[in-house]
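Here is the structure we will look at.
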Amino acid sequence: MDRFDSLRVFVSVATHGSFAEAARRLRLSPSVVTRAIADLEHQLGLTLLHRTTRSVRLTERGEIYLESSRRILTDVETSDARVRGANATPRGLLTITAPILFGRLHVLPIVSKTLKTHGELAIRLTLSDRYVHLVDEGVDVAVRIGDLADSSLMAAKLGSVTRVLVASPAYLEARGAPRTPDDLVDHDIVSFENVDATNEWRFDAGRKTVRLSPRLMVNSADAAIAAAESGLGITRALSYQVREAVMRGRLVLILADRMPEILPVNAVFPARRQASANLNAFLETARGHFKAHPLNPDPPETSVP
């Protein structure tokens with residue numbers, strides 16, 4: 001293994017805190033990863049990583065070397081992309097992350113089409129509802145819903161969605177439909193923790209806030225929607241997540257005229273990836289997909305005012 005590849009291995013081990021995880025992500029055997037780090041430390045005459053049976057930690061010298069190694073790898077990747085320019089052929093690995101339900105419904109079809117179009121490209125798609133740090137976790141592009149907090153990332157807008165409140169017809173028949181946001185305090189609430197961290201739901205473009213005490217809290221959108229469909233209460237979701245269930249009558253929209261909040265859907269990526277042929281192939285396919293299949297078409301008619 002040459003020095004450049006050894007740097008890649010070191011950065012991966014340091015980023016993930018695990019030799020096994022680095023081996024899995026780099027598609028190398030654990031023994032090759034272990035040997036690469038040992039050779040690198042021997043060449044430097046330094047210990048870069050403290051190993052125990054439970055953890056891998058950077059030494060003080062290792063932290064300094066990690067920063068330099070990342071910069072070197074970034075510079076080389078950027079130079080390669082600039083030299084290849086517009087004529088570059090997508091090849092190698094592109095790592096993408098997206099929310100679980102959105103990824104399954106929308107990103108996976110885009111990935112499938114991208115792979116069919118570009119035969120030399122491989123994609124690793126990770127579906128997770130947690131916030132992923134792109135640089136630290138070696139991710140090339142993330143699909144995110146909502147306003148962007150990290151100004152250091154570049155963004156390409158793909159569309160927009162709205163928040164909605166839904167409940168099953170059976171629940172509404174038994175408990176009645178809330179007519180105002182304040183009525184929600186008398187109802188059973190199903191909360192999706194990643195979205196409802198404060199249990200404060202906003203209405204009327206943020207001018208009205210209602211603090212609720214959920215009866216059920218879950219950590220995935222799928223689970224919250226399934227609970228609402230089974231009649232456990234009212235949940236808050238994104239329009240694309242419940243559109244089919246509403247159209248088929250399994251769920252009913254509530255207070256639709258009080259929930260006009262529009263949330264952008266963006267593909268975000270480090271600035272250094274802007275010239276990447278792999279990234280641009282994915283973005284081009286994504287734009288075409290969402291042009292043909294808008295995220296926020298006219299809402300279904302089935303609703304309770």
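We label chains A, B, ... in the order they appear in the structure tokens, count residues from 1 in each chain, and number ligands from 1 in the order shown.
Residues in contact range of region 275-291 of chain A, defined as at most 8 Å between only C-alpha atoms, with sequence neighbours fewer than 4 positions away removed, read Thr78, Ala81, Arg82, Gly85, Ala86, Ala88, Thr89, Pro90, Arg91, Gly92, Leu93, Leu94, Val107, Ile110, Val111, Lys113, Thr114, Leu121, Asp140, Val141, Ala156, Leu158, Gly159, Ala267 and Leu295 of chain A.
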What does the file look like for those residues with N, CA and C atoms, as a PDB file, in the first residue's frame?
ATOM      1  N   THR A  78      -9.612  17.502  -5.014  1.00  0.00           N
ATOM      2  CA  THR A  78     -10.028  18.724  -5.700  1.00  0.00           C
ATOM      3  C   THR A  78      -9.236  18.920  -6.979  1.00  0.00           C
ATOM      4  N   ALA A  81     -10.469  16.536  -9.660  1.00  0.00           N
ATOM      5  CA  ALA A  81     -11.760  16.954 -10.218  1.00  0.00           C
ATOM      6  C   ALA A  81     -11.594  18.119 -11.183  1.00  0.00           C
ATOM      7  N   ARG A  82     -10.730  19.070 -10.829  1.00  0.00           N
ATOM      8  CA  ARG A  82     -10.530  20.238 -11.694  1.00  0.00           C
ATOM      9  C   ARG A  82      -9.858  19.843 -13.002  1.00  0.00           C
ATOM     10  N   GLY A  85     -12.445  18.009 -15.092  1.00  0.00           N
ATOM     11  CA  GLY A  85     -13.404  19.005 -15.552  1.00  0.00           C
ATOM     12  C   GLY A  85     -14.706  18.404 -16.011  1.00  0.00           C
ATOM     13  N   ALA A  86     -15.324  19.090 -16.974  1.00  0.00           N
ATOM     14  CA  ALA A  86     -16.668  18.709 -17.419  1.00  0.00           C
ATOM     15  C   ALA A  86     -16.681  17.375 -18.143  1.00  0.00           C
ATOM     16  N   ALA A  88     -15.251  14.666 -17.167  1.00  0.00           N
ATOM     17  CA  ALA A  88     -15.003  13.558 -16.242  1.00  0.00           C
ATOM     18  C   ALA A  88     -16.123  12.528 -16.318  1.00  0.00           C
ATOM     19  N   THR A  89     -15.739  11.281 -16.210  1.00  0.00           N
ATOM     20  CA  THR A  89     -16.712  10.187 -16.160  1.00  0.00           C
ATOM     21  C   THR A  89     -16.926   9.797 -14.711  1.00  0.00           C
ATOM     22  N   PRO A  90     -18.162   9.760 -14.238  1.00  0.00           N
ATOM     23  CA  PRO A  90     -18.404   9.322 -12.855  1.00  0.00           C
ATOM     24  C   PRO A  90     -17.867   7.912 -12.647  1.00  0.00           C
ATOM     25  N   ARG A  91     -17.049   7.756 -11.642  1.00  0.00           N
ATOM     26  CA  ARG A  91     -16.484   6.432 -11.340  1.00  0.00           C
ATOM     27  C   ARG A  91     -16.076   6.390  -9.878  1.00  0.00           C
ATOM     28  N   GLY A  92     -15.922   5.196  -9.358  1.00  0.00           N
ATOM     29  CA  GLY A  92     -15.557   5.051  -7.956  1.00  0.00           C
ATOM     30  C   GLY A  92     -16.778   5.111  -7.066  1.00  0.00           C
ATOM     31  N   LEU A  93     -16.579   5.521  -5.817  1.00  0.00           N
ATOM     32  CA  LEU A  93     -17.633   5.445  -4.803  1.00  0.00           C
ATOM     33  C   LEU A  93     -18.181   6.821  -4.441  1.00  0.00           C
ATOM     34  N   LEU A  94     -19.504   6.938  -4.391  1.00  0.00           N
ATOM     35  CA  LEU A  94     -20.193   8.126  -3.900  1.00  0.00           C
ATOM     36  C   LEU A  94     -20.990   7.718  -2.669  1.00  0.00           C
ATOM     37  N   VAL A 107     -35.017   8.841  -2.567  1.00  0.00           N
ATOM     38  CA  VAL A 107     -33.590   8.810  -2.905  1.00  0.00           C
ATOM     39  C   VAL A 107     -33.195   7.480  -3.536  1.00  0.00           C
ATOM     40  N   ILE A 110     -33.682   7.444  -7.224  1.00  0.00           N
ATOM     41  CA  ILE A 110     -32.683   8.290  -7.872  1.00  0.00           C
ATOM     42  C   ILE A 110     -31.346   7.553  -7.951  1.00  0.00           C
ATOM     43  N   VAL A 111     -30.977   6.899  -6.860  1.00  0.00           N
ATOM     44  CA  VAL A 111     -29.744   6.114  -6.843  1.00  0.00           C
ATOM     45  C   VAL A 111     -29.787   5.021  -7.907  1.00  0.00           C
ATOM     46  N   LYS A 113     -31.490   4.921 -10.719  1.00  0.00           N
ATOM     47  CA  LYS A 113     -31.356   5.483 -12.064  1.00  0.00           C
ATOM     48  C   LYS A 113     -29.930   5.961 -12.313  1.00  0.00           C
ATOM     49  N   THR A 114     -29.296   6.549 -11.302  1.00  0.00           N
ATOM     50  CA  THR A 114     -27.923   7.018 -11.448  1.00  0.00           C
ATOM     51  C   THR A 114     -26.986   5.858 -11.763  1.00  0.00           C
ATOM     52  N   LEU A 121     -19.800   3.785 -11.716  1.00  0.00           N
ATOM     53  CA  LEU A 121     -20.051   4.419 -10.418  1.00  0.00           C
ATOM     54  C   LEU A 121     -20.623   3.409  -9.430  1.00  0.00           C
ATOM     55  N   ASP A 140     -20.261  12.146   1.168  1.00  0.00           N
ATOM     56  CA  ASP A 140     -20.108  13.103   0.071  1.00  0.00           C
ATOM     57  C   ASP A 140     -21.291  14.059  -0.037  1.00  0.00           C
ATOM     58  N   VAL A 141     -22.499  13.555   0.172  1.00  0.00           N
ATOM     59  CA  VAL A 141     -23.694  14.389   0.002  1.00  0.00           C
ATOM     60  C   VAL A 141     -24.799  13.865   0.909  1.00  0.00           C
ATOM     61  N   ALA A 156     -27.932  22.360  -2.922  1.00  0.00           N
ATOM     62  CA  ALA A 156     -28.675  22.362  -4.178  1.00  0.00           C
ATOM     63  C   ALA A 156     -30.119  22.022  -3.836  1.00  0.00           C
ATOM     64  N   LEU A 158     -33.785  20.772  -4.061  1.00  0.00           N
ATOM     65  CA  LEU A 158     -34.458  19.735  -4.838  1.00  0.00           C
ATOM     66  C   LEU A 158     -35.972  19.910  -4.851  1.00  0.00           C
ATOM     67  N   GLY A 159     -36.500  20.620  -3.864  1.00  0.00           N
ATOM     68  CA  GLY A 159     -37.945  20.800  -3.773  1.00  0.00           C
ATOM     69  C   GLY A 159     -38.332  21.291  -2.409  1.00  0.00           C
ATOM     70  N   ALA A 267     -29.974  18.994  -1.256  1.00  0.00           N
ATOM     71  CA  ALA A 267     -28.796  18.125  -1.239  1.00  0.00           C
ATOM     72  C   ALA A 267     -27.637  19.000  -0.793  1.00  0.00           C
ATOM     73  N   LEU A 295     -42.334  17.005  -5.105  1.00  0.00           N
ATOM     74  CA  LEU A 295     -42.511  16.577  -3.728  1.00  0.00           C
ATOM     75  C   LEU A 295     -43.800  17.097  -3.115  1.00  0.00           C
TER      76      LEU A 295
END
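Distance check against Thr180 (chain A) using only C-alpha atoms: of A:Ala155, A:Pro294, A:Ser160, A:Ile254, the minimum falls on A:Ile254.
CA of Ile145 (chain A) is positioned 6.5 Å from CA of Asn266 (chain A).
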Tell me which protein, DNA and RNA residues are within 12 Å of Glu173 (chain A), counting only C-alpha atoms, leaving out same-chain ones fewer than 6 positions away, and put them as a ChimeraX atom specification.
/A:167,231,233,252,304
Write out the residues from the selection above, keeping C-alpha atoms, as a PDB file, in the first residue's frame.
ATOM      1  CA  ALA A 167     -55.100  11.047  12.551  1.00  0.00           C
ATOM      2  CA  GLY A 231     -55.787   4.995  16.022  1.00  0.00           C
ATOM      3  CA  GLY A 233     -53.639   9.601  18.271  1.00  0.00           C
ATOM      4  CA  VAL A 252     -57.218  12.395   7.616  1.00  0.00           C
ATOM      5  CA  VAL A 304     -60.840  18.224   8.474  1.00  0.00           C
TER       6      VAL A 304
END
